[in-house]
>>> print(open('model35.txt').read())   # compact mmCIF, C-alpha atoms (C1' of nucleotides)
# COMPACT_ATOMS: atom_id res chain seq x y z
CA MET A 1 29.19 -52.46 23.97
CA VAL A 2 32.49 -51.22 22.62
CA ARG A 3 30.50 -49.66 19.80
CA LEU A 4 28.24 -48.00 22.33
CA LEU A 5 31.18 -46.58 24.25
CA ALA A 6 32.52 -45.05 21.09
CA ALA A 7 29.17 -43.66 20.04
CA ARG A 8 28.44 -42.04 23.38
CA ASP A 9 31.96 -40.73 23.86
CA ASP A 10 31.53 -41.53 27.53
CA PHE A 11 31.35 -44.68 29.60
CA ASP A 12 28.49 -43.30 31.60
CA VAL A 13 26.13 -45.25 29.37
CA PRO A 14 22.59 -45.87 30.66
CA LEU A 15 21.78 -49.52 31.08
CA VAL A 16 18.66 -48.99 29.03
CA ALA A 17 20.86 -48.03 26.08
CA VAL A 18 22.90 -51.19 26.50
CA ALA A 19 19.76 -53.24 26.85
CA GLN A 20 18.11 -51.98 23.70
CA ALA A 21 21.35 -52.34 21.78
CA VAL A 22 21.28 -55.99 22.77
CA GLY A 23 17.54 -56.34 22.39
CA CYS A 24 16.24 -56.81 25.91
CA THR A 25 15.27 -54.92 29.02
CA PRO A 26 17.69 -53.55 31.61
CA PRO A 27 16.95 -56.14 34.32
CA ALA A 28 17.76 -58.94 31.89
CA LEU A 29 21.37 -57.77 31.90
CA TYR A 30 21.65 -58.73 35.53
CA GLY A 31 21.54 -62.35 34.50
CA TYR A 32 24.92 -61.89 32.86
CA PHE A 33 26.55 -59.18 34.96
CA ARG A 34 26.26 -58.66 38.68
CA ASN A 35 25.87 -54.94 38.14
CA LYS A 36 26.82 -52.11 35.83
CA ALA A 37 30.36 -52.00 37.14
CA ALA A 38 30.85 -55.65 36.21
CA LEU A 39 29.60 -54.93 32.71
CA LEU A 40 32.07 -52.11 32.29
CA ARG A 41 34.84 -54.27 33.68
CA ALA A 42 34.02 -56.81 31.00
CA ALA A 43 34.20 -54.14 28.32
CA ARG A 44 37.54 -53.05 29.75
CA GLU A 45 38.80 -56.61 29.58
CA GLU A 46 37.65 -56.86 26.00
CA GLY A 47 39.61 -53.71 25.27
CA PHE A 48 42.78 -55.19 26.72
CA ASN A 49 42.25 -58.36 24.74
CA ARG A 50 41.91 -56.46 21.49
CA LEU A 51 44.99 -54.40 22.18
CA TYR A 52 46.90 -57.51 23.16
CA THR A 53 46.06 -59.60 20.13
CA GLU A 54 46.79 -56.66 17.88
CA LYS A 55 50.23 -56.22 19.37
CA LEU A 56 50.80 -59.97 19.58
CA THR A 57 50.27 -60.64 15.89
CA LEU A 58 52.54 -57.73 15.14
CA SER A 59 55.26 -59.09 17.39
CA GLU A 60 55.01 -62.50 15.73
CA ARG A 61 55.24 -61.04 12.27
CA MET A 62 58.29 -58.99 13.26
CA ARG A 63 60.07 -61.45 15.50
CA ALA A 64 63.24 -61.00 13.49
CA ASN A 65 63.36 -57.26 14.03
CA PRO A 66 62.84 -56.24 17.68
CA PHE A 67 63.73 -52.62 17.11
CA GLY A 68 61.25 -52.37 14.26
CA TYR A 69 58.63 -54.13 16.34
CA LEU A 70 59.12 -51.68 19.18
CA ARG A 71 58.37 -48.84 16.79
CA GLU A 72 55.48 -50.48 14.98
CA GLY A 73 54.07 -51.88 18.20
CA SER A 74 54.08 -48.41 19.68
CA TYR A 75 52.40 -47.02 16.59
CA ALA A 76 49.75 -49.70 16.87
CA TYR A 77 49.27 -48.84 20.52
CA VAL A 78 48.84 -45.17 19.72
CA ARG A 79 46.47 -45.89 16.88
CA PHE A 80 44.39 -48.11 19.11
CA ALA A 81 44.20 -45.37 21.73
CA LEU A 82 43.30 -42.62 19.27
CA ASP A 83 40.80 -44.82 17.44
CA ASN A 84 39.07 -45.92 20.66
CA PRO A 85 39.57 -43.01 23.02
CA THR A 86 36.66 -43.84 25.28
CA LEU A 87 37.62 -47.49 25.55
CA TYR A 88 41.21 -46.46 26.21
CA ARG A 89 40.08 -44.19 28.99
CA LEU A 90 38.02 -47.00 30.45
CA MET A 91 41.07 -49.24 30.35
CA PHE A 92 43.58 -46.83 31.84
CA ALA A 93 41.57 -44.36 33.86
CA PRO A 94 38.54 -46.27 35.10
CA PRO A 95 36.32 -44.52 37.63
CA PRO A 96 36.94 -45.77 41.16
CA ASN A 97 33.48 -47.29 41.47
CA LEU A 98 34.48 -49.97 38.95
CA GLY A 99 36.47 -51.63 41.68
CA VAL A 100 39.59 -51.89 39.52
CA GLY A 101 42.22 -51.74 42.20
CA ASP A 102 45.47 -52.12 40.34
CA ASP A 103 46.97 -50.26 37.46
CA PRO A 104 47.13 -51.89 34.04
CA LEU A 105 50.76 -52.90 34.52
CA SER A 106 50.06 -54.93 37.64
CA GLY A 107 46.77 -56.59 36.75
CA ASP A 108 46.66 -59.68 34.65
CA LEU A 109 45.03 -57.76 31.85
CA GLY A 110 47.54 -55.08 31.10
CA ARG A 111 50.40 -57.16 32.31
CA ARG A 112 50.37 -59.22 29.13
CA VAL A 113 50.59 -56.07 27.04
CA PHE A 114 53.38 -54.83 29.25
CA ASP A 115 55.21 -58.13 28.82
CA LEU A 116 55.09 -57.61 25.06
CA LEU A 117 56.82 -54.30 25.56
CA LEU A 118 59.37 -55.94 27.83
CA ALA A 119 60.02 -58.63 25.23
CA GLY A 120 60.52 -55.97 22.59
CA LEU A 121 63.01 -54.11 24.75
CA ARG A 122 64.85 -57.32 25.59
CA GLY A 123 65.00 -58.10 21.90
CA CYS A 124 66.55 -54.71 21.29
CA GLN A 125 69.04 -55.47 24.00
CA THR A 126 70.18 -58.65 22.28
CA GLN A 127 70.76 -56.52 19.20
CA GLY A 128 73.12 -54.27 21.07
CA PHE A 129 70.77 -51.51 22.14
CA LEU A 130 70.23 -50.46 25.74
CA SER A 131 73.14 -52.56 26.92
CA GLY A 132 73.39 -52.77 30.68
CA MET A 133 70.11 -50.99 31.29
CA ASP A 134 67.38 -51.99 33.70
CA ILE A 135 64.70 -53.09 31.27
CA ASN A 136 61.82 -52.94 33.74
CA ARG A 137 62.64 -49.40 34.63
CA TYR A 138 63.07 -48.41 31.03
CA ALA A 139 59.80 -50.06 30.07
CA PHE A 140 57.94 -48.05 32.68
CA MET A 141 59.54 -44.89 31.35
CA PHE A 142 58.71 -45.82 27.77
CA TRP A 143 55.11 -46.66 28.55
CA SER A 144 54.71 -43.56 30.68
CA SER A 145 55.81 -41.32 27.85
CA VAL A 146 53.53 -42.85 25.25
CA HIS A 147 50.63 -43.18 27.63
CA GLY A 148 51.01 -39.61 28.82
CA ALA A 149 51.13 -38.25 25.32
CA VAL A 150 48.09 -40.27 24.34
CA CYS A 151 46.21 -39.11 27.42
CA LEU A 152 46.89 -35.46 26.72
CA CYS A 153 45.83 -35.85 23.11
CA ILE A 154 42.68 -37.78 23.87
CA GLN A 155 41.70 -35.12 26.35
CA ASN A 156 41.78 -32.51 23.62
CA ARG A 157 38.50 -32.33 21.80
CA VAL A 158 39.42 -29.60 19.34
CA LEU A 159 42.63 -30.98 17.84
CA ASP A 160 41.94 -33.03 14.72
CA GLU A 161 42.97 -36.65 14.42
CA THR A 162 46.03 -36.15 12.25
CA ALA A 163 47.40 -33.46 14.56
CA LYS A 164 47.01 -35.80 17.51
CA TRP A 165 48.61 -38.62 15.63
CA GLU A 166 51.59 -36.52 14.65
CA ALA A 167 52.09 -35.22 18.17
CA VAL A 168 52.17 -38.70 19.68
CA ARG A 169 54.11 -40.17 16.79
CA ASP A 170 56.74 -37.55 17.40
CA VAL A 171 57.03 -38.73 21.00
CA VAL A 172 57.42 -42.33 19.86
CA ASP A 173 60.00 -41.39 17.27
CA THR A 174 61.98 -39.44 19.85
CA LEU A 175 61.97 -42.45 22.15
CA MET A 176 63.13 -44.68 19.30
CA ARG A 177 65.93 -42.25 18.44
CA MET A 178 67.02 -42.34 22.06
CA ILE A 179 67.17 -46.12 21.97
CA ALA A 180 69.00 -46.06 18.66
CA ALA A 181 71.56 -43.73 20.21
CA THR A 182 72.46 -46.39 22.78
CA ALA A 183 73.74 -48.75 20.12
CA PRO A 184 77.37 -49.04 19.07
CA GLY A 185 78.04 -46.69 16.19
CA HIS A 186 77.78 -49.00 13.23
CA LEU A 187 74.11 -49.61 13.88
CA HIS A 188 73.12 -45.99 13.64
CA ARG A 189 72.85 -45.86 9.88
CA GLY A 190 70.84 -48.98 9.25
CA ILE A 191 67.83 -47.50 11.03
CA MET B 1 35.10 -29.18 47.87
CA VAL B 2 38.69 -30.18 47.27
CA ARG B 3 38.57 -31.84 50.68
CA LEU B 4 35.43 -33.68 49.66
CA LEU B 5 37.02 -34.92 46.44
CA ALA B 6 39.91 -36.32 48.42
CA ALA B 7 37.68 -37.91 51.03
CA ARG B 8 35.38 -39.65 48.56
CA ASP B 9 38.20 -40.68 46.25
CA ASP B 10 35.91 -39.96 43.36
CA PHE B 11 34.48 -36.89 41.72
CA ASP B 12 31.09 -38.45 41.46
CA VAL B 13 30.12 -36.63 44.64
CA PRO B 14 26.41 -36.28 45.38
CA LEU B 15 25.27 -32.69 45.57
CA VAL B 16 23.71 -33.45 48.93
CA ALA B 17 27.18 -34.21 50.27
CA VAL B 18 28.49 -30.92 48.94
CA ALA B 19 25.50 -29.13 50.37
CA GLN B 20 25.82 -30.47 53.87
CA ALA B 21 29.56 -29.87 53.86
CA VAL B 22 28.74 -26.25 53.16
CA GLY B 23 25.73 -26.18 55.42
CA CYS B 24 22.77 -25.83 53.11
CA THR B 25 20.45 -27.85 50.90
CA PRO B 26 21.26 -29.05 47.38
CA PRO B 27 19.07 -26.55 45.51
CA ALA B 28 20.79 -23.67 47.27
CA LEU B 29 23.97 -24.54 45.35
CA TYR B 30 22.25 -23.59 42.13
CA GLY B 31 22.47 -19.98 43.22
CA TYR B 32 26.21 -20.20 42.83
CA PHE B 33 26.70 -22.77 40.06
CA ARG B 34 24.57 -23.32 37.02
CA ASN B 35 24.74 -27.07 37.55
CA LYS B 36 26.92 -29.81 38.94
CA ALA B 37 29.27 -29.70 35.98
CA ALA B 38 29.94 -26.01 36.64
CA LEU B 39 30.73 -26.78 40.25
CA LEU B 40 33.24 -29.45 39.25
CA ARG B 41 34.75 -27.11 36.67
CA ALA B 42 35.28 -24.59 39.46
CA ALA B 43 36.99 -27.23 41.59
CA ARG B 44 39.16 -28.12 38.61
CA GLU B 45 40.11 -24.49 38.17
CA GLU B 46 40.98 -24.26 41.85
CA GLY B 47 43.23 -27.28 41.39
CA PHE B 48 45.08 -25.64 38.51
CA ASN B 49 45.46 -22.46 40.55
CA ARG B 50 46.98 -24.33 43.46
CA LEU B 51 49.37 -26.20 41.22
CA TYR B 52 50.30 -23.00 39.44
CA THR B 53 51.00 -20.92 42.53
CA GLU B 54 53.00 -23.76 44.01
CA LYS B 55 55.19 -24.01 40.94
CA LEU B 56 55.32 -20.22 40.53
CA THR B 57 56.73 -19.55 43.99
CA LEU B 58 59.25 -22.30 43.39
CA SER B 59 60.29 -20.81 40.07
CA GLU B 60 60.74 -17.39 41.67
CA ARG B 61 62.83 -18.77 44.50
CA MET B 62 65.03 -20.65 42.03
CA ARG B 63 65.23 -18.12 39.23
CA ALA B 64 69.00 -18.32 39.32
CA ASN B 65 69.06 -22.05 38.69
CA PRO B 66 66.79 -23.15 35.83
CA PHE B 67 68.08 -26.70 35.78
CA GLY B 68 67.46 -27.07 39.50
CA TYR B 69 64.04 -25.50 39.12
CA LEU B 70 63.14 -27.97 36.41
CA ARG B 71 63.91 -30.82 38.76
CA GLU B 72 62.29 -29.33 41.86
CA GLY B 73 59.34 -28.07 39.86
CA SER B 74 58.79 -31.56 38.54
CA TYR B 75 59.05 -33.01 42.00
CA ALA B 76 56.49 -30.51 43.21
CA TYR B 77 54.24 -31.44 40.32
CA VAL B 78 54.52 -35.11 41.15
CA ARG B 79 53.92 -34.51 44.84
CA PHE B 80 50.85 -32.47 44.03
CA ALA B 81 49.49 -35.26 41.86
CA LEU B 82 50.19 -38.01 44.36
CA ASP B 83 48.86 -35.95 47.27
CA ASN B 84 45.65 -35.01 45.44
CA PRO B 85 45.02 -37.92 43.09
CA THR B 86 41.31 -37.31 42.68
CA LEU B 87 41.77 -33.61 42.04
CA TYR B 88 44.55 -34.41 39.59
CA ARG B 89 42.29 -36.81 37.74
CA LEU B 90 39.60 -34.16 37.64
CA MET B 91 42.11 -31.71 36.18
CA PHE B 92 43.63 -33.99 33.56
CA ALA B 93 41.01 -36.61 32.82
CA PRO B 94 37.67 -34.90 33.38
CA PRO B 95 34.57 -36.82 32.34
CA PRO B 96 33.18 -35.60 29.01
CA ASN B 97 29.99 -34.29 30.57
CA LEU B 98 31.97 -31.51 32.25
CA GLY B 99 32.17 -29.78 28.92
CA VAL B 100 35.91 -29.32 29.15
CA GLY B 101 36.78 -29.38 25.50
CA ASP B 102 40.48 -28.74 25.38
CA ASP B 103 43.37 -30.46 27.04
CA PRO B 104 45.19 -28.77 29.92
CA LEU B 105 47.96 -27.54 27.64
CA SER B 106 45.61 -25.61 25.38
CA GLY B 107 43.18 -24.16 27.89
CA ASP B 108 43.98 -21.02 29.81
CA LEU B 109 44.16 -22.99 33.02
CA GLY B 110 46.83 -25.52 32.28
CA ARG B 111 48.53 -23.26 29.81
CA ARG B 112 50.03 -21.17 32.57
CA VAL B 113 51.50 -24.27 34.20
CA PHE B 114 52.81 -25.37 30.82
CA ASP B 115 54.38 -21.96 30.32
CA LEU B 116 56.24 -22.42 33.58
CA LEU B 117 57.68 -25.62 32.19
CA LEU B 118 58.57 -23.85 28.95
CA ALA B 119 60.30 -21.08 30.87
CA GLY B 120 62.27 -23.66 32.82
CA LEU B 121 63.39 -25.39 29.65
CA ARG B 122 64.33 -22.09 28.04
CA GLY B 123 66.32 -21.23 31.13
CA CYS B 124 68.17 -24.51 30.77
CA GLN B 125 68.82 -23.64 27.18
CA THR B 126 70.49 -20.36 28.12
CA GLN B 127 72.72 -22.39 30.41
CA GLY B 128 73.90 -24.50 27.53
CA PHE B 129 71.53 -27.46 27.78
CA LEU B 130 69.25 -28.59 24.99
CA SER B 131 70.96 -26.34 22.50
CA GLY B 132 69.23 -26.19 19.17
CA MET B 133 66.22 -28.16 20.30
CA ASP B 134 62.58 -27.37 19.70
CA ILE B 135 61.50 -26.42 23.19
CA ASN B 136 57.77 -26.78 22.57
CA ARG B 137 58.24 -30.29 21.33
CA TYR B 138 60.54 -31.20 24.14
CA ALA B 139 58.15 -29.73 26.71
CA PHE B 140 55.34 -31.91 25.39
CA MET B 141 57.59 -34.93 25.64
CA PHE B 142 58.68 -33.97 29.14
CA TRP B 143 55.16 -33.38 30.37
CA SER B 144 53.91 -36.54 28.70
CA SER B 145 56.46 -38.65 30.51
CA VAL B 146 55.78 -37.23 33.94
CA HIS B 147 52.05 -37.13 33.42
CA GLY B 148 51.98 -40.68 32.13
CA ALA B 149 54.00 -41.99 35.04
CA VAL B 150 51.79 -40.14 37.50
CA CYS B 151 48.65 -41.48 35.82
CA LEU B 152 49.83 -45.05 35.99
CA CYS B 153 50.77 -44.68 39.63
CA ILE B 154 47.58 -42.95 40.67
CA GLN B 155 45.62 -45.71 39.01
CA ASN B 156 47.28 -48.28 41.25
CA ARG B 157 45.46 -48.63 44.53
CA VAL B 158 47.69 -51.26 46.08
CA LEU B 159 51.11 -49.64 45.71
CA ASP B 160 52.01 -47.60 48.78
CA GLU B 161 52.81 -43.91 48.57
CA THR B 162 56.57 -44.19 48.81
CA ALA B 163 56.70 -46.81 46.07
CA LYS B 164 54.68 -44.55 43.80
CA TRP B 165 56.86 -41.60 44.65
CA GLU B 166 60.03 -43.50 43.89
CA ALA B 167 58.71 -44.81 40.58
CA VAL B 168 57.78 -41.36 39.32
CA ARG B 169 60.83 -39.73 40.81
CA ASP B 170 62.91 -42.18 38.87
CA VAL B 171 61.23 -41.04 35.67
CA VAL B 172 61.91 -37.41 36.51
CA ASP B 173 65.53 -38.15 37.36
CA THR B 174 65.99 -40.00 34.10
CA LEU B 175 64.61 -37.04 32.20
CA MET B 176 66.93 -34.71 34.06
CA ARG B 177 69.90 -36.92 33.28
CA MET B 178 68.95 -36.83 29.63
CA ILE B 179 68.88 -33.05 29.71
CA ALA B 180 72.17 -32.95 31.58
CA ALA B 181 73.69 -35.14 28.88
CA THR B 182 72.93 -32.48 26.27
CA ALA B 183 75.27 -29.99 27.92
CA PRO B 184 78.89 -29.47 26.93
CA GLY B 185 81.12 -31.71 28.99
CA HIS B 186 82.27 -29.40 31.73
CA LEU B 187 78.76 -29.09 33.10
CA HIS B 188 78.27 -32.79 33.66
CA ARG B 189 80.03 -32.94 37.02
CA GLY B 190 78.40 -30.03 38.77
CA ILE B 191 75.03 -31.76 38.71
C1' DA C 1 4.79 0.36 57.34
C1' DC C 2 5.13 -1.70 52.84
C1' DA C 3 6.80 -3.32 48.41
C1' DT C 4 10.89 -5.53 46.43
C1' DT C 5 14.72 -8.40 46.11
C1' DA C 6 17.70 -12.04 47.54
C1' DA C 7 18.65 -16.43 49.58
C1' DC C 8 16.83 -20.49 51.06
C1' DT C 9 13.68 -24.29 51.89
C1' DT C 10 10.34 -27.79 50.90
C1' DA C 11 8.04 -30.21 47.39
C1' DA C 12 7.89 -32.18 42.96
C1' DT C 13 9.80 -34.23 38.49
C1' DG C 14 12.64 -37.10 35.64
C1' DT C 15 16.47 -40.23 34.99
C1' DC C 16 18.72 -44.17 36.23
C1' DG C 17 20.45 -48.40 38.70
C1' DT C 18 18.68 -52.15 41.00
C1' DT C 19 15.35 -55.49 43.12
C1' DC C 20 11.39 -58.50 43.21
C1' DA C 21 7.41 -61.03 42.13
C1' DT C 22 5.47 -62.97 38.18
C1' DT C 23 5.21 -64.68 33.70
C1' DT C 24 7.21 -66.95 29.74
C1' DA C 25 10.27 -70.11 27.61
C1' DT C 26 13.22 -74.19 27.98
C1' DT C 27 14.75 -78.43 29.54
C1' DA C 28 14.26 -82.76 31.88
C1' DT C 29 11.49 -86.69 33.46
C1' DT C 30 8.26 -90.16 33.18
C1' DA D 1 3.70 -86.50 24.52
C1' DA D 2 2.41 -84.49 28.94
C1' DT D 3 3.92 -82.54 32.89
C1' DA D 4 7.10 -81.06 36.37
C1' DA D 5 11.34 -78.38 37.25
C1' DT D 6 14.30 -74.75 36.01
C1' DA D 7 16.08 -70.92 33.71
C1' DA D 8 15.42 -66.42 31.65
C1' DA D 9 13.06 -62.32 30.88
C1' DT D 10 9.58 -58.85 31.98
C1' DG D 11 6.86 -55.11 34.26
C1' DA D 12 6.27 -52.74 38.25
C1' DA D 13 8.35 -50.63 42.05
C1' DC D 14 12.10 -48.52 44.99
C1' DG D 15 15.85 -45.55 46.13
C1' DA D 16 19.46 -42.31 44.91
C1' DC D 17 20.27 -38.31 42.68
C1' DA D 18 20.22 -33.90 39.69
C1' DT D 19 17.33 -30.36 38.66
C1' DT D 20 13.19 -27.28 38.60
C1' DA D 21 9.16 -25.00 40.60
C1' DA D 22 6.78 -22.78 44.05
C1' DG D 23 6.57 -20.89 48.42
C1' DT D 24 8.86 -18.72 52.75
C1' DT D 25 11.76 -15.85 55.34
C1' DA D 26 14.91 -12.09 55.93
C1' DA D 27 16.88 -8.02 54.60
C1' DT D 28 16.70 -3.48 52.15
C1' DG D 29 15.00 0.73 50.32
C1' DT D 30 11.38 4.25 50.10
>>> encode(input="model35.txt", output="C-alpha cells")
Amino acid sequence: MVRLLAARDDFDVPLVAVAQAVGCTPPALYGYFRNKAALLRAAREEGFNRLYTEKLTLSERMRANPFGYLREGSYAYVRFALDNPTLYRLMFAPPPNLGVGDDPLSGDLGRRVFDLLLAGLRGCQTQGFLSGMDINRYAFMFWSSVHGAVCLCIQNRVLDETAKWEAVRDVVDTLMRMIAATAPGHLHRGI
Amino acid sequence: MVRLLAARDDFDVPLVAVAQAVGCTPPALYGYFRNKAALLRAAREEGFNRLYTEKLTLSERMRANPFGYLREGSYAYVRFALDNPTLYRLMFAPPPNLGVGDDPLSGDLGRRVFDLLLAGLRGCQTQGFLSGMDINRYAFMFWSSVHGAVCLCIQNRVLDETAKWEAVRDVVDTLMRMIAATAPGHLHRGI
DNA sequence: ACATTAACTTAATGTCGTTCATTTATTATT
DNA sequence: AATAATAAATGAACGACATTAAGTTAATGT
C-alpha cells in the first residue's frame, strides 16, 4: 500500500489497483477494511509507526547526546518526509473524508512522535539549553517550522531532491543554532 | 465557489453542486472551464488574489512601520487561513491531479504574497533589524513557521477557533521577538 | 425570413466505490 | 472420512460522479 501511494504520487488510488497489488478483487478488501477511508487510515497509521520507530531507535542510540539527537532526529524526520512525500501528506494533511478529526499532535499516532521531540528538548534543557522555557510551546514552534518547510518543499514538483533537502536542512540548522545560542557561553564551541 | 468550499469543508465538491449553486447543469460548466481541475485552479487563484489584496492594503497603510506591518501582515495571513481553512488547503496543499506543479513561493500566484513578506523583512532591515542576514533564507524560515503552525491547527477539528488562533499567534509573536532581538539595544523597548 | 453561432440541456459513457447474492474454500463435528 | 457450518472471495449490479456527444433553443447578422 505504501508502495502504491509512492508510485501513484497521490492517495486517490483506485481500489482495483490496491486489489490487484494484493492479488484479489476489490470487494474482497471489504473483509479487512470497512471502506476505502479505513484502508487509508491504516496506511496513515503505518506511516506514523515507521516514522516513530525510526526516530525511536535514533533516540536510543543517542541517549547521551540530546542536542545531537534533536538535530539528527530532525534530519531523519525531514528525510522521511522527502522520501515518502505522498505518505507524509496522507499523515499530516489527510482529506476530510478520512474522518481523521484531530491533528497529528493530539491523536495517539502522532503524539508519540511529538513526545520524542519533547523528550529531546527536555534533554537539551538538562544540558543547559533553553533554560526556563516552556517546552511544549517551543516544541510546537519547532515542529511547525520543520513541518512548514517540508510542506512547502513537497508541494514543489520542479525542485530537485537535493535542493529540497538543503532548503529544509537549512531551516533545521537555523533552529539548532537558535537553541545553541540559549546555552551559557562555554557550550557554544563544543557544537 | 469559495463559499461552496467553505460549506463542504472539502474541495472534493461534486460538479452538480457547483452547477446548481450557479443555476445551471454540470455540462454547462465546461463552457467556462476545461475540466474540474481547471475550475479548482481558478478558485485557488481567487484565494491567492484575496490574500494578496488583503496583505497589500495592509502594507500600504503601514508603509511607515515595516516591523509593525510584519506582525499585522502575519496576523492577517493567519486569520485568512483560519477563516478559510479549505481554501487555504486548496492553495497550499492542492491534490496532485490539479496539475499545480510548483509550490506557492515559486508560482506567480504565491510569489506576489511572498514578495510582500520579503518587502516587509527588507523594511525591517532598513530599520536596523536583521542586519547582515540573508533575507530570502529568513523569509523561507518565517513563512515555514507560520505556514506549519497554521497547517497543524487547520488539521485539528476539535480545537476551537480561539485556541487555534492563540497557538498560531504565539508562533508569530515568538518570531517577532526573535527579529526584535536582532536590533541594536535602544530599539528593544519601543516594541 | 433564414442561416449561423452561442449557450444550454438531455442523454449517454466510463470510472469507481460499494453492496449483495452466490459460489468456493475452510473448519468443525460426528 | 463425510457432512454440516462458517468464513472468504467472486461476479454482477447499483449509484455517484466527471466528461463527452448530440440535439434544442435563443440570439444575431444578412
>>> atom_distance(input="model35.txt", atom1="atom CA of Cys124 of chain A", atom2="atom CA of Ile135 of chain B")
28.8 Å
>>> residues_around(input="model35.txt", residues="segment 4-21 of chain C", least_positions_apart="6", cutoff="8 Å", atoms="only C-alpha atoms (C1' of nucleotides)", output="PyMOL selection string")
(chain A and resi 14-15+27+36) or (chain B and resi 25+28) or (chain D and resi 14+20-21+24)
>>> closest_atom_pairs(input="model35.txt", of="segment 108-161 of chain A", to="segment 156-171 of chain B", cutoff="10 Å", atoms="all atoms listed in the file", output="CSV")
residue,atom,partner,partner_atom,distance
A:Arg137,CA,B:Asp170,CA,8.4
A:Tyr138,CA,B:Val171,CA,8.9
A:Phe140,CA,B:Val171,CA,8.3
A:Met141,CA,B:Val171,CA,6.0
A:Phe142,CA,B:Val171,CA,9.6
A:Ser144,CA,B:Val171,CA,8.6
A:Ser145,CA,B:Val171,CA,9.5
>>> interface_residues(input="model35.txt", of="chain B", to="chain A", cutoff="10 Å", atoms="all atoms listed in the file", output="PyMOL selection string")
chain B and resi 8-12+86+89+92-97+99-107+137-138+140-159+167-168+170-172+174-175+178
>>> write_last_selection(input="model35.txt", atoms="C-alpha atoms", output="CSV table (one decimal), in the coordinates of the input")
chain,number,residue,atom,x,y,z
B,8,ARG,CA,35.4,-39.6,48.6
B,9,ASP,CA,38.2,-40.7,46.2
B,10,ASP,CA,35.9,-40.0,43.4
B,11,PHE,CA,34.5,-36.9,41.7
B,12,ASP,CA,31.1,-38.4,41.5
B,86,THR,CA,41.3,-37.3,42.7
B,89,ARG,CA,42.3,-36.8,37.7
B,92,PHE,CA,43.6,-34.0,33.6
B,93,ALA,CA,41.0,-36.6,32.8
B,94,PRO,CA,37.7,-34.9,33.4
B,95,PRO,CA,34.6,-36.8,32.3
B,96,PRO,CA,33.2,-35.6,29.0
B,97,ASN,CA,30.0,-34.3,30.6
B,99,GLY,CA,32.2,-29.8,28.9
B,100,VAL,CA,35.9,-29.3,29.2
B,101,GLY,CA,36.8,-29.4,25.5
B,102,ASP,CA,40.5,-28.7,25.4
B,103,ASP,CA,43.4,-30.5,27.0
B,104,PRO,CA,45.2,-28.8,29.9
B,105,LEU,CA,48.0,-27.5,27.6
B,106,SER,CA,45.6,-25.6,25.4
B,107,GLY,CA,43.2,-24.2,27.9
B,137,ARG,CA,58.2,-30.3,21.3
B,138,TYR,CA,60.5,-31.2,24.1
B,140,PHE,CA,55.3,-31.9,25.4
B,141,MET,CA,57.6,-34.9,25.6
B,142,PHE,CA,58.7,-34.0,29.1
B,143,TRP,CA,55.2,-33.4,30.4
B,144,SER,CA,53.9,-36.5,28.7
B,145,SER,CA,56.5,-38.6,30.5
B,146,VAL,CA,55.8,-37.2,33.9
B,147,HIS,CA,52.0,-37.1,33.4
B,148,GLY,CA,52.0,-40.7,32.1
B,149,ALA,CA,54.0,-42.0,35.0
B,150,VAL,CA,51.8,-40.1,37.5
B,151,CYS,CA,48.6,-41.5,35.8
B,152,LEU,CA,49.8,-45.0,36.0
B,153,CYS,CA,50.8,-44.7,39.6
B,154,ILE,CA,47.6,-43.0,40.7
B,155,GLN,CA,45.6,-45.7,39.0
B,156,ASN,CA,47.3,-48.3,41.2
B,157,ARG,CA,45.5,-48.6,44.5
B,158,VAL,CA,47.7,-51.3,46.1
B,159,LEU,CA,51.1,-49.6,45.7
B,167,ALA,CA,58.7,-44.8,40.6
B,168,VAL,CA,57.8,-41.4,39.3
B,170,ASP,CA,62.9,-42.2,38.9
B,171,VAL,CA,61.2,-41.0,35.7
B,172,VAL,CA,61.9,-37.4,36.5
B,174,THR,CA,66.0,-40.0,34.1
B,175,LEU,CA,64.6,-37.0,32.2
B,178,MET,CA,69.0,-36.8,29.6
>>> interface_residues(input="model35.txt", of="chain B", to="chain C", cutoff="12 Å", atoms="only C-alpha atoms (C1' of nucleotides)", output="MDAnalysis selection string")
chainID B and resid 23:32
>>> atom_distance(input="model35.txt", atom1="atom CA of Ser59 of chain B", atom2="atom CA of Leu82 of chain B")
20.4 Å
